[in-house]
>>> print(open('target.txt').read())   # compact mmCIF, C-alpha atoms and all ligand atoms
# COMPACT_ATOMS: atom_id res chain seq x y z
CA MET A 190 25.90 213.27 -1.34
CA ILE A 191 23.45 211.35 0.86
CA LYS A 192 24.77 211.22 4.43
CA ARG A 193 21.71 211.28 6.70
CA VAL A 194 18.63 209.12 6.12
CA LEU A 195 15.31 208.89 7.98
CA ILE A 196 13.37 205.61 7.64
CA THR A 197 9.83 205.22 8.98
CA GLY A 198 8.77 201.81 10.32
CA ALA A 199 12.42 201.01 10.93
CA ASN A 200 12.06 198.50 13.78
CA ALA A 201 10.95 195.56 11.64
CA GLY A 202 10.84 194.02 8.18
CA LEU A 203 12.01 196.08 5.23
CA GLY A 204 12.69 199.23 7.26
CA LYS A 205 15.12 197.50 9.64
CA GLU A 206 16.85 195.65 6.80
CA THR A 207 17.26 198.93 4.89
CA ALA A 208 18.88 200.52 7.95
CA LYS A 209 21.27 197.58 8.06
CA GLN A 210 22.18 197.76 4.36
CA LEU A 211 22.83 201.51 4.57
CA THR A 212 25.79 200.78 6.86
CA ASN A 213 27.59 199.15 3.89
CA ASN A 214 27.80 202.58 2.29
CA PRO A 215 30.73 204.55 3.78
CA GLN A 216 29.15 207.91 2.95
CA ILE A 217 26.23 207.30 5.37
CA GLU A 218 26.82 209.08 8.68
CA LYS A 219 23.45 208.84 10.38
CA VAL A 220 20.34 206.66 10.08
CA TYR A 221 17.28 207.85 11.97
CA LEU A 222 15.05 204.94 12.97
CA GLY A 223 11.53 206.37 12.79
CA CYS A 224 9.46 204.09 15.05
CA ARG A 225 6.21 204.46 17.00
CA ASN A 226 7.14 202.16 19.86
CA LYS A 227 10.13 203.09 22.05
CA GLU A 228 10.87 199.56 23.32
CA LYS A 229 10.75 198.03 19.84
CA ALA A 230 12.91 200.90 18.55
CA GLN A 231 15.54 200.36 21.26
CA ALA A 232 15.61 196.61 20.59
CA ALA A 233 16.05 197.23 16.85
CA LYS A 234 18.80 199.81 17.45
CA MET A 235 20.71 197.39 19.69
CA GLU A 236 20.33 194.56 17.18
CA LEU A 237 21.51 196.79 14.32
CA GLU A 238 24.53 198.00 16.29
CA GLN A 239 25.50 194.44 17.20
CA SER A 240 25.04 193.02 13.71
CA THR A 241 26.79 195.87 11.86
CA GLY A 242 29.31 197.09 14.44
CA LYS A 243 28.24 200.64 13.48
CA HIS A 244 26.94 203.24 15.92
CA ILE A 245 25.19 205.55 13.48
CA PHE A 246 21.59 204.86 14.48
CA GLU A 247 19.35 207.31 16.27
CA ILE A 248 15.75 206.74 17.33
CA LEU A 249 13.08 209.22 16.30
CA ILE A 250 9.69 208.43 17.82
CA ILE A 251 7.00 208.87 15.19
CA ASP A 252 3.56 207.39 14.74
CA VAL A 253 2.72 208.18 11.13
CA SER A 254 -1.00 207.63 11.73
CA ASN A 255 -1.05 210.53 14.21
CA GLN A 256 -0.53 214.05 12.84
CA GLU A 257 0.60 215.47 16.21
CA SER A 258 3.26 212.80 16.52
CA VAL A 259 4.50 213.55 12.99
CA ILE A 260 4.82 217.28 13.67
CA GLU A 261 6.56 216.62 17.00
CA ALA A 262 9.04 214.30 15.28
CA VAL A 263 9.89 216.94 12.67
CA GLN A 264 10.45 219.50 15.45
CA LYS A 265 12.66 217.05 17.39
CA LEU A 266 14.86 216.30 14.40
CA GLU A 267 17.88 218.43 15.23
CA CYS A 268 19.33 218.58 11.71
CA SER A 269 18.17 218.04 8.15
CA VAL A 270 18.10 214.63 6.45
CA ASP A 271 19.28 214.13 2.88
CA ALA A 272 16.81 211.32 2.30
CA LEU A 273 13.50 210.11 3.66
CA ILE A 274 12.26 206.54 3.18
CA MET A 275 8.50 206.39 3.76
CA ASN A 276 8.36 202.72 4.58
CA ALA A 277 5.88 202.36 7.48
CA GLY A 278 2.66 200.86 6.28
CA GLY A 279 0.83 197.68 5.53
CA THR A 280 -2.72 196.52 5.93
CA GLY A 281 -3.63 198.85 8.80
CA GLY A 282 -4.30 196.46 11.68
CA GLN A 283 -7.58 194.90 12.90
CA ASN A 284 -9.45 198.23 12.64
CA PHE A 285 -8.08 199.29 9.25
CA ASN A 286 -11.41 200.80 8.20
CA LYS A 287 -11.95 202.82 11.39
CA LEU A 288 -11.72 206.60 11.03
CA THR A 289 -8.93 208.52 12.76
CA PRO A 290 -9.67 211.96 14.35
CA ASP A 291 -8.47 213.43 11.02
CA GLY A 292 -11.35 211.74 9.20
CA VAL A 293 -9.37 209.16 7.21
CA THR A 294 -9.23 205.39 7.65
CA GLU A 295 -6.43 203.85 9.72
CA ILE A 296 -5.06 202.10 6.63
CA PHE A 297 -4.98 205.40 4.73
CA ALA A 298 -3.36 207.24 7.65
CA VAL A 299 -0.51 204.76 8.04
CA ASN A 300 0.17 204.18 4.36
CA LEU A 301 -0.21 207.70 3.08
CA LEU A 302 -1.60 210.67 5.03
CA GLY A 303 1.08 210.65 7.75
CA HIS A 304 3.83 210.44 5.17
CA CYS A 305 2.34 213.32 3.18
CA LEU A 306 2.37 215.47 6.31
CA LEU A 307 5.87 214.31 7.23
CA THR A 308 7.30 215.12 3.79
CA GLN A 309 5.56 218.48 3.57
CA ALA A 310 6.64 219.47 7.11
CA LEU A 311 10.24 218.42 6.46
CA LEU A 312 10.34 220.39 3.22
CA LYS A 313 8.74 223.45 4.83
CA SER A 314 11.35 223.49 7.58
CA GLY A 315 14.24 222.88 5.17
CA LYS A 316 14.92 219.48 6.75
CA LEU A 317 14.68 217.29 3.61
CA THR A 318 17.27 218.09 1.01
CA GLN A 319 17.67 215.42 -1.71
CA VAL A 320 15.54 212.29 -2.04
CA ALA A 321 12.11 211.03 -0.92
CA ILE A 322 11.28 207.34 -1.39
CA TYR A 323 7.71 206.11 -0.92
CA ALA A 324 7.04 202.40 -0.37
CA GLY A 325 4.83 201.50 -3.28
CA SER A 326 3.38 198.11 -4.05
CA GLU A 327 2.63 196.05 -7.15
CA ALA A 328 -0.90 195.95 -5.70
CA ALA A 329 -1.20 199.54 -7.00
CA ARG A 330 -1.36 198.21 -10.57
CA GLY A 331 -3.06 194.91 -9.70
CA VAL A 332 -1.53 191.52 -8.97
CA LYS A 333 -3.26 188.63 -10.75
CA GLU A 334 -1.11 186.07 -8.88
CA MET A 335 -2.55 187.23 -5.52
CA GLY A 336 -6.10 187.89 -6.76
CA MET A 337 -5.67 191.69 -6.37
CA LYS A 338 -7.53 193.72 -8.99
CA ARG A 339 -6.12 196.86 -10.65
CA PRO A 340 -7.62 199.98 -8.99
CA HIS A 341 -10.59 201.29 -10.94
CA LEU A 342 -11.78 204.87 -10.39
CA PRO A 343 -14.74 205.79 -12.60
CA THR A 344 -13.92 209.55 -12.67
CA SER A 345 -10.57 210.07 -10.82
CA SER A 346 -12.01 213.36 -9.55
CA GLU A 347 -10.76 215.10 -6.41
CA GLU A 348 -14.02 214.00 -4.75
CA GLU A 349 -13.38 210.39 -5.63
CA PHE A 350 -9.84 210.52 -4.23
CA ALA A 351 -11.22 212.11 -1.03
CA ALA A 352 -13.57 209.10 -0.78
CA ILE A 353 -10.51 206.83 -0.84
CA CYS A 354 -9.06 208.83 2.07
CA ASP A 355 -12.17 208.46 4.25
CA GLY A 356 -12.93 204.92 3.07
CA SER A 357 -16.39 205.70 1.64
CA PHE A 358 -15.13 204.67 -1.81
CA PHE A 359 -14.86 201.06 -0.54
CA GLY A 360 -17.86 200.91 1.83
CA GLU A 361 -17.91 198.37 4.68
CA VAL A 362 -15.12 196.14 3.36
CA LYS A 363 -13.79 193.43 5.66
CA ASP A 364 -10.69 192.69 3.60
CA ALA A 365 -7.85 195.22 4.00
CA THR A 366 -6.20 194.09 0.77
CA ILE A 367 -9.07 195.78 -1.15
CA PRO A 368 -8.29 199.41 -0.12
CA TYR A 369 -4.54 198.71 0.18
CA GLY A 370 -3.73 198.64 -3.56
CA THR A 371 -5.83 201.70 -4.34
CA ILE A 372 -4.18 203.66 -1.50
CA LYS A 373 -0.71 202.71 -2.77
CA TYR A 374 -1.82 203.83 -6.27
CA MET A 375 -2.92 207.18 -4.81
CA GLY A 376 0.46 207.42 -3.05
CA ALA A 377 2.28 207.05 -6.36
CA LEU A 378 0.08 209.79 -7.90
CA TRP A 379 0.79 212.09 -4.91
CA MET A 380 4.53 211.50 -5.33
CA SER A 381 4.34 212.56 -9.00
CA ALA A 382 2.49 215.74 -8.02
CA MET A 383 5.14 216.43 -5.35
CA ALA A 384 7.94 215.91 -7.89
CA ARG A 385 6.46 218.71 -10.00
CA ARG A 386 6.17 221.04 -7.01
CA HIS A 387 9.66 220.36 -5.61
CA PRO A 388 12.05 219.87 -8.51
CA HIS A 389 15.14 220.12 -6.28
CA VAL A 390 14.16 216.86 -4.52
CA LYS A 391 13.96 213.45 -6.22
CA PHE A 392 10.64 211.71 -5.51
CA VAL A 393 10.69 207.99 -6.28
CA THR A 394 7.90 205.55 -5.53
CA MET A 395 9.57 202.17 -5.16
CA SER A 396 7.89 198.87 -4.48
CA PRO A 397 10.07 196.53 -2.46
CA GLY A 398 8.32 193.71 -4.35
CA ALA A 399 6.81 190.62 -2.77
CA THR A 400 9.08 190.07 0.20
CA THR A 401 9.13 187.12 2.59
CA GLY A 402 10.23 187.32 6.22
CA THR A 403 8.43 190.53 7.16
CA GLU A 404 5.49 191.00 9.53
CA GLY A 405 3.22 192.55 6.93
CA PHE A 406 0.39 189.97 6.99
CA ASN A 407 0.30 189.48 10.77
CA THR A 408 -2.64 191.79 11.43
CA LEU A 409 -4.92 190.34 8.74
CA PRO A 410 -7.82 188.05 9.84
CA TRP A 411 -6.48 184.48 10.38
CA PHE A 412 -8.02 183.02 7.18
CA LYS A 413 -6.59 185.85 5.02
CA GLN A 414 -3.22 185.52 6.81
CA TYR A 415 -3.24 181.80 6.15
CA PHE A 416 -4.08 182.36 2.47
CA MET A 417 -1.47 185.10 1.91
CA LYS A 418 1.31 183.30 3.82
CA SER A 419 0.60 180.01 2.02
CA MET A 420 0.68 181.83 -1.32
CA MET A 421 4.02 183.43 -0.37
CA ARG A 422 5.51 180.04 0.58
CA ILE A 423 4.44 178.48 -2.71
CA MET A 424 5.65 181.50 -4.67
CA LEU A 425 9.04 181.44 -2.91
CA LEU A 426 9.49 177.84 -4.05
CA LEU A 427 8.64 178.99 -7.59
CA ASN A 428 11.02 182.01 -7.37
CA LYS A 429 8.09 184.39 -7.77
CA VAL A 430 8.84 186.35 -4.57
CA HIS A 431 12.13 187.34 -2.90
CA THR A 432 13.86 187.79 0.44
CA VAL A 433 13.82 190.89 2.66
CA GLU A 434 17.42 191.63 1.61
CA VAL A 435 16.36 191.92 -2.03
CA GLY A 436 13.29 193.97 -1.13
CA ALA A 437 15.26 196.47 0.97
CA ASN A 438 17.89 196.76 -1.72
CA ARG A 439 15.21 198.22 -4.00
CA TYR A 440 14.89 201.23 -1.65
CA LEU A 441 18.66 201.67 -1.89
CA GLN A 442 18.39 201.66 -5.67
CA GLY A 443 15.79 204.41 -5.32
CA LEU A 444 18.29 206.41 -3.26
CA PHE A 445 21.47 205.89 -5.26
CA ASN A 446 20.58 204.88 -8.85
CA HIS A 447 20.72 208.10 -10.85
CA ASP A 448 18.95 206.46 -13.81
CA LEU A 449 15.68 206.35 -11.84
CA GLU A 450 13.60 209.43 -12.59
CA SER A 451 11.84 211.70 -10.15
CA GLY A 452 8.04 211.42 -10.20
CA LEU A 453 7.94 207.81 -11.44
CA PHE A 454 6.77 204.62 -9.78
CA TYR A 455 9.12 201.66 -10.08
CA ALA A 456 8.12 198.07 -9.33
CA SER A 457 8.50 194.61 -10.82
CA GLU A 458 8.42 194.60 -14.60
CA ARG A 459 6.34 191.43 -14.42
CA GLY A 460 4.75 189.70 -11.45
CA LEU A 461 6.13 190.50 -8.02
CA THR A 462 9.91 190.14 -8.32
CA GLY A 463 12.72 190.53 -10.86
CA ASN A 464 13.69 193.59 -12.87
CA LEU A 465 12.28 197.01 -12.10
CA SER A 466 10.30 199.06 -14.58
CA ASP A 467 8.35 202.31 -14.78
CA GLN A 468 4.84 201.14 -13.85
CA SER A 469 3.08 203.69 -16.05
CA LEU A 470 4.07 201.43 -18.96
CA LEU A 471 1.75 198.80 -17.43
CA PHE A 472 -0.85 201.18 -15.99
CA PRO A 473 -1.00 204.43 -18.01
CA ASP A 474 -3.31 206.19 -15.48
CA LEU A 475 -0.20 206.75 -13.33
CA LYS A 476 1.06 209.26 -15.90
CA ILE A 477 -2.09 211.41 -16.09
CA GLU A 478 -1.38 214.80 -14.50
CA ARG A 479 -5.04 215.52 -13.76
CA TYR A 480 -5.27 212.34 -11.67
CA GLN A 481 -2.00 213.19 -9.89
CA GLU A 482 -3.25 216.69 -9.07
CA ASN A 483 -6.66 215.45 -7.90
CA ALA A 484 -5.00 212.91 -5.61
CA TYR A 485 -2.73 215.66 -4.23
CA LEU A 486 -5.63 218.08 -3.65
CA ALA A 487 -7.81 215.44 -1.97
CA ILE A 488 -5.01 214.70 0.50
CA GLN A 489 -4.62 218.40 1.36
CA ARG A 490 -8.24 218.41 2.61
CA PHE A 491 -7.21 216.18 5.53
CA LEU A 492 -3.99 217.91 6.56
N1 LIG B 1 6.49 192.82 2.41
C1 LIG B 1 6.01 192.96 1.19
O1 LIG B 1 5.86 191.97 0.46
C2 LIG B 1 5.68 194.32 0.64
C3 LIG B 1 5.38 194.43 -0.72
C4 LIG B 1 5.08 195.69 -1.25
C5 LIG B 1 5.08 196.79 -0.41
N2 LIG B 1 5.37 196.65 0.91
C6 LIG B 1 5.38 197.86 1.74
O2 LIG B 1 6.63 197.93 2.41
C7 LIG B 1 6.46 198.59 3.65
C8 LIG B 1 7.08 197.76 4.78
O3 LIG B 1 6.45 196.51 4.80
P1 LIG B 1 6.97 195.27 5.67
O4 LIG B 1 6.52 194.06 4.95
O5 LIG B 1 8.38 195.44 6.05
O6 LIG B 1 6.02 195.41 6.97
P2 LIG B 1 6.26 195.02 8.49
O7 LIG B 1 7.26 193.91 8.63
O8 LIG B 1 4.88 194.80 9.04
O9 LIG B 1 6.87 196.35 9.12
C9 LIG B 1 6.09 197.52 9.14
C10 LIG B 1 6.79 198.56 9.97
O10 LIG B 1 5.98 199.73 9.96
C11 LIG B 1 5.76 200.13 11.30
N3 LIG B 1 4.51 200.84 11.47
C12 LIG B 1 3.26 200.40 11.29
N4 LIG B 1 2.38 201.36 11.59
C13 LIG B 1 3.09 202.44 11.95
C14 LIG B 1 2.77 203.75 12.39
N5 LIG B 1 1.49 204.14 12.51
N6 LIG B 1 3.77 204.62 12.66
C15 LIG B 1 5.06 204.24 12.56
N7 LIG B 1 5.44 203.01 12.18
C16 LIG B 1 4.46 202.12 11.89
C17 LIG B 1 5.78 198.84 12.11
O11 LIG B 1 6.00 199.15 13.47
P3 LIG B 1 5.37 198.25 14.68
O12 LIG B 1 6.35 197.14 14.89
O13 LIG B 1 5.30 199.22 15.81
O14 LIG B 1 4.03 197.77 14.22
C18 LIG B 1 6.96 198.15 11.44
O15 LIG B 1 8.17 198.67 11.91
C19 LIG B 1 4.96 198.83 3.82
O16 LIG B 1 4.66 200.15 3.45
C20 LIG B 1 4.34 197.85 2.86
O17 LIG B 1 3.07 198.29 2.41
C21 LIG B 1 5.67 195.44 1.45
>>> encode(input="target.txt", output="structure tokens")
Amino acid sequence: MIKRVLITGANAGLGKETAKQLTNNPQIEKVYLGCRNKEKAQAAKMELEQSTGKHIFEILIIDVSNQESVIEAVQKLECSVDALIMNAGGTGGQNFNKLTPDGVTEIFAVNLLGHCLLTQALLKSGKLTQVAIYAGSEAARGVKEMGMKRPHLPTSSEEEFAAICDGSFFGEVKDATIPYGTIKYMGALWMSAMARRHPHVKFVTMSPGATTGTEGFNTLPWFKQYFMKSMMRIMLLLNKVHTVEVGANRYLQGLFNHDLESGLFYASERGLTGNLSDQSLLFPDLKIERYQENAYLAIQRFL
């Protein structure tokens, strides 16, 4: 039974809404709010306590783009969690393409590398017992509606995946939405490789779908922000995107729906909202074990 859950990026958007929805489930005893900023974390905790009347939230300071911070957070966690929701992420800020001291781009560190380290460190110390959810994105299989192309890797070798980690695969791109989808694709492959290695834990990549009311586009350049936000407004009118409540509920399905299989990536069957489906039916590369293993091995080089 899932009683204790850790959510990264829990002070805003989908992470905070997920923390809120977890309080509707009487079996949940503790929700760790994994946040990098103490003031924002305290404000979110207070808001969650007031809106839910529940006092089950605990702050865990963690910056997933910093390996030291991740290890410190795992050490500070006084007991195990039954579930981890790897939600922190997005387009990586103004300097998304800048390299971190670990040799990966900021956008890679926040969306994937830090979560890989976090999951591996939790498992190693016996502090993750049942479910790991990774925030995927429909961008990982391409989104025609938003002009995002399906990731294309000529060889899918370990070397090529390592080039995604350090950004050399993309070169001097100015648009963070270009590496974003490919990194989320690599995250889904890594999750499948982890599912094989740790069969006692359920690994589900779950896209929250196109969700309005979050802060996800706020660090993009103004023209890209304007374009993405305008697209979202039009698509909301056309029922092609959904609210943050619906998006967060998808993570809960990942946690509690026993029909969802470990190692698979679930996202919108069509477009960016609506029913969920196994994304390998749309993008068969997700199912190829060699690609999954190469993605996994490339990530290990930076840990
Ligand atoms: N919204 C969508 O339409 C959509 C669609 C598909 C997938 N997703 C995925 O869903 C996840 C959440 O997105 P969102 O729209 O809710 O974004 P959001 O509103 O921008 O919230 C992102 C959260 O992540 C935190 N965060 C960022 N960098 C971090 C770091 N280095 N360490 C720890 N926390 C960090 C932020 O904290 P600060 O407040 O400190 O910055 C914030 O709490 C992301 O992984 C995103 O890629 C979103």
>>> residues_near_ligand(input="target.txt", ligand="ligand LIG 1 (chain B)", cutoff="6 Å", atoms="only C-alpha atoms and all ligand atoms", output="NGL selection string")
:A and (197-204 or 224-226 or 251-254 or 276-279 or 299 or 324-326 or 396-400 or 403-405)
>>> atom_distance(input="target.txt", atom1="CA of Pro290 (chain A)", atom2="CA of Arg490 (chain A)")
13.5 Å
>>> residues_around(input="target.txt", residues="region 465-470 of chain A", least_positions_apart="4", cutoff="8 Å", atoms="all atoms listed in the file", output="JSON, numbers by chain")
{"A": [330, 453, 454, 455, 456, 457, 458, 474, 475, 476]}
>>> residues_around(input="target.txt", residues="Pro368 (chain A)", least_positions_apart="5", cutoff="10 Å", atoms="all atoms listed in the file", output="JSON, numbers by chain")
{"A": [280, 285, 286, 294, 296, 297, 328, 329, 340, 353, 354, 356, 358, 359, 360, 362, 363, 373, 374]}
>>> residues_around(input="target.txt", residues="Asp291 (chain A)", least_positions_apart="4", cutoff="10 Å", atoms="all atoms listed in the file", output="PyMOL selection string")
chain A and resi 254-256+295+298+302+355+490-492
>>> residues_around(input="target.txt", residues="region 479-483 of chain A", least_positions_apart="5", cutoff="12 Å", atoms="all atoms listed in the file", output="PyMOL selection string")
chain A and resi 342-353+374-386+452-453+473-474+488-490
>>> atom_distance(input="target.txt", atom1="CA of Lys192 (chain A)", atom2="CA of Ser314 (chain A)")
18.5 Å
>>> atom_distance(input="target.txt", atom1="CA of Glu327 (chain A)", atom2="CA of Asp271 (chain A)")
26.5 Å
>>> residues_around(input="target.txt", residues="Ile250 (chain A)", least_positions_apart="4", cutoff="12 Å", atoms="only C-alpha atoms", output="list in words")
Leu195, Ile196, Thr197, Gly198, Ala199, Asn200, Tyr221, Leu222, Gly223, Cys224, Arg225, Asn226, Lys227, Glu228, Lys229, Ala230, Gln231, Asn255, Glu257, Ser258, Val259, Ile260, Glu261, Ala262, Val263, Gln264, Lys265 and Leu266 of chain A
>>> closest_residue(input="target.txt", among="A:Leu409, A:Leu311, A:Ile191, A:Leu486", to="Asn284 (chain A)", atoms="all atoms listed in the file")
A:Leu409
>>> axis_aligned_box(input="target.txt", around="region 350-357 of chain A", padding_each_side="5 Å", output="AutoDock Vina command-line options")
--center_x -12.7 --center_y 208.5 --center_z 0.0 --size_x 17.3 --size_y 17.2 --size_z 18.5
>>> closest_residue(input="target.txt", among="A:Leu426, A:Ala484, A:Leu237, A:Met335", to="Cys305 (chain A)", atoms="only C-alpha atoms")
A:Ala484
>>> closest_atom_pairs(input="target.txt", of="region 219-282 of chain A", to="region 205-210 of chain A", cutoff="10 Å", atoms="all atoms listed in the file", output="JSON lines")
{"residue": "A:Lys219", "atom": "CA", "partner": "A:Ala208", "partner_atom": "CA", "distance": 9.8}
{"residue": "A:Val220", "atom": "CA", "partner": "A:Ala208", "partner_atom": "CA", "distance": 6.7}
{"residue": "A:Tyr221", "atom": "CA", "partner": "A:Ala208", "partner_atom": "CA", "distance": 8.5}
{"residue": "A:Leu222", "atom": "CA", "partner": "A:Ala208", "partner_atom": "CA", "distance": 7.7}
{"residue": "A:Ala230", "atom": "CA", "partner": "A:Lys205", "partner_atom": "CA", "distance": 9.8}
{"residue": "A:Ala233", "atom": "CA", "partner": "A:Lys205", "partner_atom": "CA", "distance": 7.3}
{"residue": "A:Lys234", "atom": "CA", "partner": "A:Lys205", "partner_atom": "CA", "distance": 8.9}
{"residue": "A:Glu236", "atom": "CA", "partner": "A:Lys205", "partner_atom": "CA", "distance": 9.6}
{"residue": "A:Leu237", "atom": "CA", "partner": "A:Lys209", "partner_atom": "CA", "distance": 6.3}
{"residue": "A:Glu238", "atom": "CA", "partner": "A:Lys209", "partner_atom": "CA", "distance": 8.9}
{"residue": "A:Ser240", "atom": "CA", "partner": "A:Lys209", "partner_atom": "CA", "distance": 8.2}
{"residue": "A:Thr241", "atom": "CA", "partner": "A:Lys209", "partner_atom": "CA", "distance": 6.9}
{"residue": "A:Lys243", "atom": "CA", "partner": "A:Lys209", "partner_atom": "CA", "distance": 9.3}
{"residue": "A:Ile245", "atom": "CA", "partner": "A:Ala208", "partner_atom": "CA", "distance": 9.8}
{"residue": "A:Phe246", "atom": "CA", "partner": "A:Ala208", "partner_atom": "CA", "distance": 8.3}
{"residue": "A:Ile274", "atom": "CA", "partner": "A:Thr207", "partner_atom": "CA", "distance": 9.3}
{"residue": "A:Asn276", "atom": "CA", "partner": "A:Thr207", "partner_atom": "CA", "distance": 9.7}
>>> closest_residue(input="target.txt", among="A:Gly460, A:Arg193, A:His341, A:Thr408", to="Ser269 (chain A)", atoms="all atoms listed in the file")
A:Arg193
